[in-house]
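Student: Got a structure here, written out as structure tokens. Questions coming.
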Amino acid sequence: MNNEPLVSLVIPSYNGKEMTVNLLKSLKKTTYKKYDIIVVDNGSNDGCYEYVKKHFPYVKPLKLEKNKGFTGGANFGIRHSKSEYVVMMNNDMIVDSKWLSELVKVANSDGRIGIVGSVFLNDSNIIDRIGYIESRKFILQFKPLYRGVTYRDNFPPAIEVNHTFGLIKREVLNKVGLFDDKNFVFWEDIDLCYRAKKAGFKIVVATHAKIWHGKGQTMMRFPYATAFHYNKNQLRFILKNLSFVRKLINTPLTLLRLAGKSISYLLKGDFRKVLAIAHAIIWNIRNFRDYV
């Protein structure tokens, strides 16, 4: 075990003390032992920082005075880590005992691998996803692999994907930078994986690294912010990362889709989501200098 890399588990938490505590309890069964844990209290008012500091002395708690979103909390935690590998985690996760061993095994198997994701399952061991692949050449569309399939142990050890969420080699972060702070939440993993692939790294999923995920329980409490950040960041990804030709195709198509969503919300009387979509478009116009 001594020659195995140190891994830092970074867990941002915004008013999610109970979920964070459940994750920390789950992590105790992890068989891979060479890791440390960093919990970033992201401007919470639920006493998460104080509770973790008191009840989990082996955890490094950090506190931000203001909620800086998943990306801000993640980057703050990463900057306070010194490990060779970093694993980003949502606080509504529960892990299998061998999940981290499997991530590290796959990461070590090929020097070209830069990011390694886990298999995300629901409570019935039905796969939510084994990463995402781009399903079309010019129109931006991601397809989750094996969604709805019962998990089986005979998958190949690793499957290459376009984007996933999980272990990141320090080499990747040194070369392409951290998460995009302007994302705040949503699309940050897609953006980082895209930059990593462009820099020559492989993105894979370790198919025997199993995680049960609550699917964004923090953001479910904030429907306006969810609609704003998701649509803002989809547009941002297109304008920031795609080739000129793909921008010409995807930007108007995305705007048409957002117009359709807005009409649907209007008919339902959900005016706040209409405002959130308008806000997302205006935000990108105001930040257009990022894309030129």
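Going through the structure tokens in order, the chains are called A, B, and so on, while each chain numbers its residues from 1 and the ligands are numbered from 1 in the order shown.
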Find the spatial neighbours of Ile139 in chain A, counting only C-alpha atoms, within a cut-off of 9 Å - ignore same-chain residues fewer than 4 positions away - and output them as a PyMOL selection string.
Tutor: chain A and resi 135+246+249-250+253
Student: Write out as a ChimeraX atom specification the set of residues from range 163-258 of chain A that DSSP, computed on the backbone, places in strand (DSSP E).
Tutor: /A:166-169,202-213
Student: Restricting the output to N, CA, C and O atoms, write the selected residues as a PDB file, in the first residue's frame.
Tutor:
ATOM      1  N   GLY A 166     -15.549  12.213 -11.224  1.00  0.00           N
ATOM      2  CA  GLY A 166     -14.863  11.367 -10.248  1.00  0.00           C
ATOM      3  C   GLY A 166     -13.414  11.727 -10.038  1.00  0.00           C
ATOM      4  O   GLY A 166     -13.081  12.869  -9.741  1.00  0.00           O
ATOM      5  N   LEU A 167     -12.523  10.745 -10.237  1.00  0.00           N
ATOM      6  CA  LEU A 167     -11.092  10.908  -9.959  1.00  0.00           C
ATOM      7  C   LEU A 167     -10.432  11.737 -11.057  1.00  0.00           C
ATOM      8  O   LEU A 167     -10.649  11.496 -12.247  1.00  0.00           O
ATOM      9  N   ILE A 168      -9.611  12.683 -10.636  1.00  0.00           N
ATOM     10  CA  ILE A 168      -8.875  13.539 -11.562  1.00  0.00           C
ATOM     11  C   ILE A 168      -7.401  13.481 -11.181  1.00  0.00           C
ATOM     12  O   ILE A 168      -7.044  13.713 -10.020  1.00  0.00           O
ATOM     13  N   LYS A 169      -6.545  13.187 -12.144  1.00  0.00           N
ATOM     14  CA  LYS A 169      -5.113  13.217 -11.874  1.00  0.00           C
ATOM     15  C   LYS A 169      -4.643  14.666 -11.740  1.00  0.00           C
ATOM     16  O   LYS A 169      -5.081  15.547 -12.476  1.00  0.00           O
ATOM     17  N   LYS A 202      -7.164  10.650 -21.769  1.00  0.00           N
ATOM     18  CA  LYS A 202      -8.305   9.761 -21.951  1.00  0.00           C
ATOM     19  C   LYS A 202      -9.257   9.909 -20.767  1.00  0.00           C
ATOM     20  O   LYS A 202      -8.830  10.085 -19.621  1.00  0.00           O
ATOM     21  N   ILE A 203     -10.556   9.808 -21.055  1.00  0.00           N
ATOM     22  CA  ILE A 203     -11.601   9.869 -20.033  1.00  0.00           C
ATOM     23  C   ILE A 203     -12.272   8.507 -20.004  1.00  0.00           C
ATOM     24  O   ILE A 203     -12.775   8.042 -21.034  1.00  0.00           O
ATOM     25  N   VAL A 204     -12.289   7.858 -18.852  1.00  0.00           N
ATOM     26  CA  VAL A 204     -12.852   6.507 -18.764  1.00  0.00           C
ATOM     27  C   VAL A 204     -13.718   6.379 -17.509  1.00  0.00           C
ATOM     28  O   VAL A 204     -13.654   7.203 -16.589  1.00  0.00           O
ATOM     29  N   VAL A 205     -14.500   5.308 -17.493  1.00  0.00           N
ATOM     30  CA  VAL A 205     -15.251   4.922 -16.291  1.00  0.00           C
ATOM     31  C   VAL A 205     -14.740   3.572 -15.814  1.00  0.00           C
ATOM     32  O   VAL A 205     -14.573   2.639 -16.612  1.00  0.00           O
ATOM     33  N   ALA A 206     -14.453   3.480 -14.512  1.00  0.00           N
ATOM     34  CA  ALA A 206     -14.071   2.201 -13.898  1.00  0.00           C
ATOM     35  C   ALA A 206     -15.364   1.451 -13.585  1.00  0.00           C
ATOM     36  O   ALA A 206     -16.109   1.842 -12.681  1.00  0.00           O
ATOM     37  N   THR A 207     -15.627   0.398 -14.314  1.00  0.00           N
ATOM     38  CA  THR A 207     -16.949  -0.224 -14.253  1.00  0.00           C
ATOM     39  C   THR A 207     -17.211  -1.021 -12.976  1.00  0.00           C
ATOM     40  O   THR A 207     -18.336  -1.440 -12.735  1.00  0.00           O
ATOM     41  N   HIS A 208     -16.171  -1.232 -12.157  1.00  0.00           N
ATOM     42  CA  HIS A 208     -16.371  -1.929 -10.888  1.00  0.00           C
ATOM     43  C   HIS A 208     -16.328  -0.969  -9.698  1.00  0.00           C
ATOM     44  O   HIS A 208     -16.345  -1.412  -8.544  1.00  0.00           O
ATOM     45  N   ALA A 209     -16.272   0.324  -9.992  1.00  0.00           N
ATOM     46  CA  ALA A 209     -16.347   1.351  -8.937  1.00  0.00           C
ATOM     47  C   ALA A 209     -17.801   1.802  -8.843  1.00  0.00           C
ATOM     48  O   ALA A 209     -18.297   2.536  -9.698  1.00  0.00           O
ATOM     49  N   LYS A 210     -18.485   1.357  -7.803  1.00  0.00           N
ATOM     50  CA  LYS A 210     -19.938   1.574  -7.713  1.00  0.00           C
ATOM     51  C   LYS A 210     -20.283   2.643  -6.677  1.00  0.00           C
ATOM     52  O   LYS A 210     -19.770   2.632  -5.556  1.00  0.00           O
ATOM     53  N   ILE A 211     -21.172   3.541  -7.081  1.00  0.00           N
ATOM     54  CA  ILE A 211     -21.646   4.611  -6.207  1.00  0.00           C
ATOM     55  C   ILE A 211     -23.165   4.727  -6.357  1.00  0.00           C
ATOM     56  O   ILE A 211     -23.699   4.618  -7.461  1.00  0.00           O
ATOM     57  N   TRP A 212     -23.837   4.945  -5.233  1.00  0.00           N
ATOM     58  CA  TRP A 212     -25.273   5.236  -5.248  1.00  0.00           C
ATOM     59  C   TRP A 212     -25.430   6.733  -5.022  1.00  0.00           C
ATOM     60  O   TRP A 212     -24.896   7.290  -4.061  1.00  0.00           O
ATOM     61  N   HIS A 213     -26.163   7.377  -5.921  1.00  0.00           N
ATOM     62  CA  HIS A 213     -26.188   8.843  -5.955  1.00  0.00           C
ATOM     63  C   HIS A 213     -27.611   9.351  -5.822  1.00  0.00           C
ATOM     64  O   HIS A 213     -28.531   8.861  -6.478  1.00  0.00           O
TER      65      HIS A 213
END
Student: Point out the residue among A:Asn231, A:Ser243, A:Ser264, A:Asn125 with the least atom-to-atom distance to Ala278 in chain A, counting only C-alpha atoms.
Tutor: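 Selected residue with least distance to Ala278 in chain A: A:Asn231.
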Student: Might you pull out every residue within 12 Å of Ala259 in chain A, with only C-alpha atoms counted and same-chain residues fewer than 6 positions away left off, and present them as a list in words?
Tutor: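 Near Ala259 in chain A, the qualifying residues are Asn231, Pro252, Leu253, Tyr265, Leu266, Lys273, Val274, Leu275, Ala276, Ile277, Ala278, Ala280 and Ile281 of chain A.
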Student: Which neighbours of Leu100 in chain A fall inside 9 Å, counting only C-alpha atoms, when residues of the same chain fewer than 3 positions from it are skipped, and could you give them as a list in words?
Tutor: Val7, Thr30, Thr31, Tyr32, Val87, Val95, Asp96, Ser97, Leu103, Val104, Lys105, Leu167 and Ala209 of chain A
Student: List the spatial neighbours of Asn15 in chain A as a list in words - criterion: any atom at most 12 Å away, only C-alpha atoms, same-chain residues fewer than 3 positions off excluded.
Tutor: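 The residues satisfying every condition are Pro12, Glu18, Met19, Thr20, Val21, Val40, Asp41, Asn42, Gly43, Ser44, Asn45, Asp46, Gly47, Cys48, Tyr49, Lys66, Asn67, Gly69, Asn91, Asp92, Gln217, Thr218, Met219 and Arg221 of chain A.
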Student: Write the selection just made, keeping N, CA and C atoms, as a PDB file, in the first residue's frame?
Tutor:
ATOM      1  N   PRO A  12     -17.822  19.255  -1.380  1.00  0.00           N
ATOM      2  CA  PRO A  12     -18.502  20.523  -1.084  1.00  0.00           C
ATOM      3  C   PRO A  12     -19.882  20.248  -0.486  1.00  0.00           C
ATOM      4  N   GLU A  18     -26.690  16.630   6.919  1.00  0.00           N
ATOM      5  CA  GLU A  18     -27.126  15.243   7.102  1.00  0.00           C
ATOM      6  C   GLU A  18     -26.592  14.345   5.985  1.00  0.00           C
ATOM      7  N   MET A  19     -26.683  14.827   4.740  1.00  0.00           N
ATOM      8  CA  MET A  19     -26.163  14.044   3.620  1.00  0.00           C
ATOM      9  C   MET A  19     -24.659  13.886   3.723  1.00  0.00           C
ATOM     10  N   THR A  20     -23.963  14.953   4.105  1.00  0.00           N
ATOM     11  CA  THR A  20     -22.508  14.903   4.235  1.00  0.00           C
ATOM     12  C   THR A  20     -22.098  13.895   5.299  1.00  0.00           C
ATOM     13  N   VAL A  21     -22.790  13.896   6.430  1.00  0.00           N
ATOM     14  CA  VAL A  21     -22.491  12.948   7.514  1.00  0.00           C
ATOM     15  C   VAL A  21     -22.722  11.514   7.041  1.00  0.00           C
ATOM     16  N   VAL A  40     -15.787  20.892   2.310  1.00  0.00           N
ATOM     17  CA  VAL A  40     -15.867  22.343   2.157  1.00  0.00           C
ATOM     18  C   VAL A  40     -17.278  22.788   2.490  1.00  0.00           C
ATOM     19  N   ASP A  41     -17.435  23.445   3.643  1.00  0.00           N
ATOM     20  CA  ASP A  41     -18.720  24.030   4.013  1.00  0.00           C
ATOM     21  C   ASP A  41     -18.885  25.307   3.189  1.00  0.00           C
ATOM     22  N   ASN A  42     -19.832  25.261   2.249  1.00  0.00           N
ATOM     23  CA  ASN A  42     -19.954  26.286   1.218  1.00  0.00           C
ATOM     24  C   ASN A  42     -20.911  27.401   1.655  1.00  0.00           C
ATOM     25  N   GLY A  43     -20.532  28.099   2.727  1.00  0.00           N
ATOM     26  CA  GLY A  43     -21.379  29.196   3.200  1.00  0.00           C
ATOM     27  C   GLY A  43     -22.672  28.733   3.824  1.00  0.00           C
ATOM     28  N   SER A  44     -22.666  27.544   4.439  1.00  0.00           N
ATOM     29  CA  SER A  44     -23.885  26.979   5.030  1.00  0.00           C
ATOM     30  C   SER A  44     -24.238  27.663   6.341  1.00  0.00           C
ATOM     31  N   ASN A  45     -25.494  27.462   6.767  1.00  0.00           N
ATOM     32  CA  ASN A  45     -25.921  27.923   8.088  1.00  0.00           C
ATOM     33  C   ASN A  45     -26.498  26.774   8.908  1.00  0.00           C
ATOM     34  N   ASP A  46     -26.086  25.542   8.563  1.00  0.00           N
ATOM     35  CA  ASP A  46     -26.612  24.362   9.258  1.00  0.00           C
ATOM     36  C   ASP A  46     -25.608  23.746  10.225  1.00  0.00           C
ATOM     37  N   GLY A  47     -24.474  24.424  10.447  1.00  0.00           N
ATOM     38  CA  GLY A  47     -23.490  23.924  11.396  1.00  0.00           C
ATOM     39  C   GLY A  47     -22.665  22.762  10.885  1.00  0.00           C
ATOM     40  N   CYS A  48     -22.603  22.580   9.564  1.00  0.00           N
ATOM     41  CA  CYS A  48     -21.873  21.441   8.996  1.00  0.00           C
ATOM     42  C   CYS A  48     -20.393  21.487   9.376  1.00  0.00           C
ATOM     43  N   TYR A  49     -19.772  22.648   9.218  1.00  0.00           N
ATOM     44  CA  TYR A  49     -18.342  22.775   9.510  1.00  0.00           C
ATOM     45  C   TYR A  49     -18.043  22.382  10.953  1.00  0.00           C
ATOM     46  N   LYS A  66     -19.259  32.515   2.032  1.00  0.00           N
ATOM     47  CA  LYS A  66     -20.318  32.712   1.049  1.00  0.00           C
ATOM     48  C   LYS A  66     -20.399  31.489   0.156  1.00  0.00           C
ATOM     49  N   ASN A  67     -21.624  31.121  -0.238  1.00  0.00           N
ATOM     50  CA  ASN A  67     -21.802  29.992  -1.143  1.00  0.00           C
ATOM     51  C   ASN A  67     -21.238  30.338  -2.516  1.00  0.00           C
ATOM     52  N   GLY A  69     -20.976  28.033  -4.935  1.00  0.00           N
ATOM     53  CA  GLY A  69     -21.405  26.998  -5.861  1.00  0.00           C
ATOM     54  C   GLY A  69     -20.523  25.769  -5.795  1.00  0.00           C
ATOM     55  N   ASN A  91     -22.231  15.389  -1.985  1.00  0.00           N
ATOM     56  CA  ASN A  91     -22.449  14.906  -0.618  1.00  0.00           C
ATOM     57  C   ASN A  91     -23.657  13.985  -0.485  1.00  0.00           C
ATOM     58  N   ASP A  92     -24.425  13.777  -1.572  1.00  0.00           N
ATOM     59  CA  ASP A  92     -25.562  12.854  -1.511  1.00  0.00           C
ATOM     60  C   ASP A  92     -25.208  11.486  -2.096  1.00  0.00           C
ATOM     61  N   GLN A 217     -29.784  16.394  -4.856  1.00  0.00           N
ATOM     62  CA  GLN A 217     -30.787  16.744  -3.858  1.00  0.00           C
ATOM     63  C   GLN A 217     -30.649  18.176  -3.365  1.00  0.00           C
ATOM     64  N   THR A 218     -29.423  18.717  -3.365  1.00  0.00           N
ATOM     65  CA  THR A 218     -29.243  20.106  -2.932  1.00  0.00           C
ATOM     66  C   THR A 218     -29.952  21.063  -3.878  1.00  0.00           C
ATOM     67  N   MET A 219     -29.751  20.903  -5.183  1.00  0.00           N
ATOM     68  CA  MET A 219     -30.313  21.839  -6.154  1.00  0.00           C
ATOM     69  C   MET A 219     -31.811  21.685  -6.331  1.00  0.00           C
ATOM     70  N   ARG A 221     -33.924  21.949  -4.229  1.00  0.00           N
ATOM     71  CA  ARG A 221     -34.583  22.942  -3.359  1.00  0.00           C
ATOM     72  C   ARG A 221     -34.623  24.325  -3.997  1.00  0.00           C
TER      73      ARG A 221
END
Student: Taking only C-alpha atoms into account, name the residue in A:Ala196, A:Tyr291, A:Ser8, A:Tyr224 that is nearest to Phe237 in chain A.
Tutor: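 Closest residue, counting only C-alpha atoms: A:Tyr291.
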Student: What is the CA of Asn162 in chain A to CA of Arg136 in chain A distance in Å?
Tutor: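 Value for the CA of Asn162 in chain A-CA of Arg136 in chain A distance: 12.0 Å.
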Student: Smallest atom-to-atom distance to Leu9 in chain A: which of A:Lys82, A:Lys197, A:Lys63, A:Lys54, using only C-alpha atoms?
Tutor: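 Nearest candidate to Leu9 in chain A out of A:Lys82, A:Lys197, A:Lys63, A:Lys54: A:Lys82.
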Student: I need the residue nearest Gly117 in chain A from this list: A:Asn284, A:Thr164, A:Asn174, A:Asn75. Use only C-alpha atoms for the distance.
Tutor: A:Thr164
Student: Using DSSP on the backbone coordinates, identify all residues within range 22-153 of chain A classified as helix (DSSP H, G or I); present the result as number ranges by chain.
Tutor: A: 22-27, 48-55, 69-79, 99-108
Student: What gap, in Å, lies between CA of Ile133 in chain A and CA of His163 in chain A?
Tutor: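 That distance, rounded to one decimal, is 6.8 Å.
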Student: Just checking: using only C-alpha atoms, which residue out of A:Ile11, A:Ala74, A:Lys17, A:Leu24 ends up closest to Glu50 in chain A?
Tutor: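 Nearest to Glu50 in chain A: A:Lys17.
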Student: In terms of the shortest atom-to-atom distance over only C-alpha atoms, which of A:Lys261, A:Val119, A:Cys193, A:Phe288 is closest to Arg236 in chain A?
Tutor: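 Closest candidate: A:Phe288.
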Student: Write out as a short mmCIF file (atom, residue, chain, number, x, y, z; two decimals) with N, CA, C and O atoms, in the first residue's frame each polymer residue whose atoms come within 12 Å of Tyr194 in chain A, counting only C-alpha atoms; drop sequence neighbours fewer than 3 positions from it.
Tutor:
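Final output, saved to result_8.cif:
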data_model
loop_
_atom_site.label_atom_id
_atom_site.label_comp_id
_atom_site.auth_asym_id
_atom_site.auth_seq_id
_atom_site.Cartn_x
_atom_site.Cartn_y
_atom_site.Cartn_z
N GLY A 114 -6.66 10.45 -17.77
CA GLY A 114 -6.62 11.65 -16.93
C GLY A 114 -7.75 11.75 -15.93
O GLY A 114 -7.56 12.27 -14.83
N ILE A 115 -8.92 11.23 -16.29
CA ILE A 115 -10.10 11.31 -15.42
C ILE A 115 -10.79 9.95 -15.43
O ILE A 115 -10.96 9.34 -16.49
N TYR A 132 -20.97 9.40 -20.10
CA TYR A 132 -21.74 9.89 -21.25
C TYR A 132 -20.86 9.88 -22.49
O TYR A 132 -19.65 10.10 -22.41
N ILE A 133 -21.49 9.65 -23.62
CA ILE A 133 -20.81 9.80 -24.90
C ILE A 133 -21.59 10.78 -25.77
O ILE A 133 -22.80 10.94 -25.60
N GLU A 134 -20.90 11.44 -26.68
CA GLU A 134 -21.58 12.30 -27.64
C GLU A 134 -22.24 11.41 -28.69
O GLU A 134 -21.58 10.60 -29.33
N VAL A 161 -15.25 7.16 -22.36
CA VAL A 161 -16.43 8.01 -22.52
C VAL A 161 -16.00 9.42 -22.90
O VAL A 161 -14.81 9.75 -22.90
N ASN A 162 -16.96 10.27 -23.19
CA ASN A 162 -16.66 11.68 -23.47
C ASN A 162 -16.60 12.51 -22.20
O ASN A 162 -15.83 13.46 -22.10
N HIS A 163 -17.45 12.18 -21.23
CA HIS A 163 -17.30 12.86 -19.95
C HIS A 163 -17.88 12.02 -18.82
O HIS A 163 -18.74 11.16 -19.02
N THR A 164 -17.34 12.27 -17.63
CA THR A 164 -17.75 11.56 -16.43
C THR A 164 -17.37 12.41 -15.23
O THR A 164 -16.91 13.54 -15.37
N VAL A 172 -3.67 16.53 -14.83
CA VAL A 172 -4.72 17.15 -15.63
C VAL A 172 -4.98 18.58 -15.15
O VAL A 172 -5.03 19.53 -15.94
N VAL A 176 -4.65 21.82 -17.53
CA VAL A 176 -5.83 22.49 -18.11
C VAL A 176 -6.54 23.42 -17.13
O VAL A 176 -7.47 24.13 -17.52
N GLY A 177 -6.12 23.42 -15.87
CA GLY A 177 -6.76 24.28 -14.88
C GLY A 177 -7.86 23.57 -14.10
O GLY A 177 -8.18 22.40 -14.35
N PHE A 179 -11.91 23.66 -12.20
CA PHE A 179 -13.25 23.85 -12.72
C PHE A 179 -13.47 25.33 -13.06
O PHE A 179 -12.86 26.21 -12.46
N ASP A 180 -14.35 25.57 -13.99
CA ASP A 180 -14.69 26.94 -14.39
C ASP A 180 -15.56 27.57 -13.31
O ASP A 180 -16.72 27.18 -13.12
N TRP A 187 -22.72 21.32 -15.63
CA TRP A 187 -21.86 21.33 -16.81
C TRP A 187 -20.38 21.51 -16.48
O TRP A 187 -19.54 21.54 -17.36
N GLU A 188 -20.03 21.62 -15.19
CA GLU A 188 -18.62 21.82 -14.84
C GLU A 188 -17.78 20.59 -15.15
O GLU A 188 -16.62 20.70 -15.57
N ASP A 189 -18.35 19.40 -14.97
CA ASP A 189 -17.63 18.17 -15.27
C ASP A 189 -17.46 17.99 -16.78
O ASP A 189 -16.40 17.54 -17.25
N ILE A 190 -18.49 18.36 -17.53
CA ILE A 190 -18.42 18.25 -19.00
C ILE A 190 -17.32 19.18 -19.52
O ILE A 190 -16.51 18.80 -20.36
N ASP A 191 -17.30 20.40 -19.00
CA ASP A 191 -16.31 21.39 -19.42
C ASP A 191 -14.89 20.91 -19.12
O ASP A 191 -14.00 20.99 -19.97
N LYS A 197 -9.67 16.16 -22.62
CA LYS A 197 -9.56 15.40 -23.86
C LYS A 197 -8.82 16.21 -24.92
O LYS A 197 -8.00 15.66 -25.67
N LYS A 198 -9.11 17.49 -24.98
CA LYS A 198 -8.44 18.35 -25.95
C LYS A 198 -6.93 18.40 -25.68
O LYS A 198 -6.13 18.55 -26.60
N ALA A 199 -6.54 18.24 -24.41
CA ALA A 199 -5.12 18.23 -24.03
C ALA A 199 -4.47 16.87 -24.20
O ALA A 199 -3.28 16.71 -23.91
N GLY A 200 -5.24 15.88 -24.66
CA GLY A 200 -4.67 14.57 -24.97
C GLY A 200 -4.90 13.48 -23.94
O GLY A 200 -4.37 12.38 -24.07
N PHE A 201 -5.70 13.75 -22.90
CA PHE A 201 -5.97 12.75 -21.87
C PHE A 201 -7.18 11.89 -22.25
O PHE A 201 -8.10 12.35 -22.92
N LYS A 202 -7.16 10.65 -21.77
CA LYS A 202 -8.31 9.76 -21.95
C LYS A 202 -9.26 9.91 -20.77
O LYS A 202 -8.83 10.09 -19.62
N ILE A 203 -10.56 9.81 -21.06
CA ILE A 203 -11.60 9.87 -20.03
C ILE A 203 -12.27 8.51 -20.00
O ILE A 203 -12.78 8.04 -21.03
N PHE A 237 -20.98 26.36 -22.45
CA PHE A 237 -20.16 25.27 -22.97
C PHE A 237 -20.05 25.35 -24.49
O PHE A 237 -18.96 25.21 -25.06
N ILE A 238 -21.17 25.59 -25.15
CA ILE A 238 -21.18 25.67 -26.61
C ILE A 238 -20.31 26.83 -27.08
O ILE A 238 -19.44 26.67 -27.96
N LYS A 240 -18.02 28.50 -25.51
CA LYS A 240 -16.63 28.48 -25.01
C LYS A 240 -15.79 27.38 -25.66
O LYS A 240 -14.61 27.59 -25.95
N ASN A 241 -16.38 26.22 -25.92
CA ASN A 241 -15.59 25.04 -26.24
C ASN A 241 -15.72 24.49 -27.65
O ASN A 241 -14.78 23.87 -28.15
N LEU A 242 -16.85 24.67 -28.29
CA LEU A 242 -17.06 24.02 -29.58
C LEU A 242 -16.34 24.76 -30.70
O LEU A 242 -16.03 25.95 -30.60
#
Student: Could you please determine the separation between CA of Val86 in chain A and CA of Leu6 in chain A in Å, to one decimal place?
Tutor: 8.7 Å
Student: Would you mind listing what lies within 8 Å of range 60-62 of chain A as a VMD selection string, with only C-alpha atoms counted and same-chain residues fewer than 5 positions away left out?
Tutor: chain A and resid 36 to 41 49 52 to 53 77
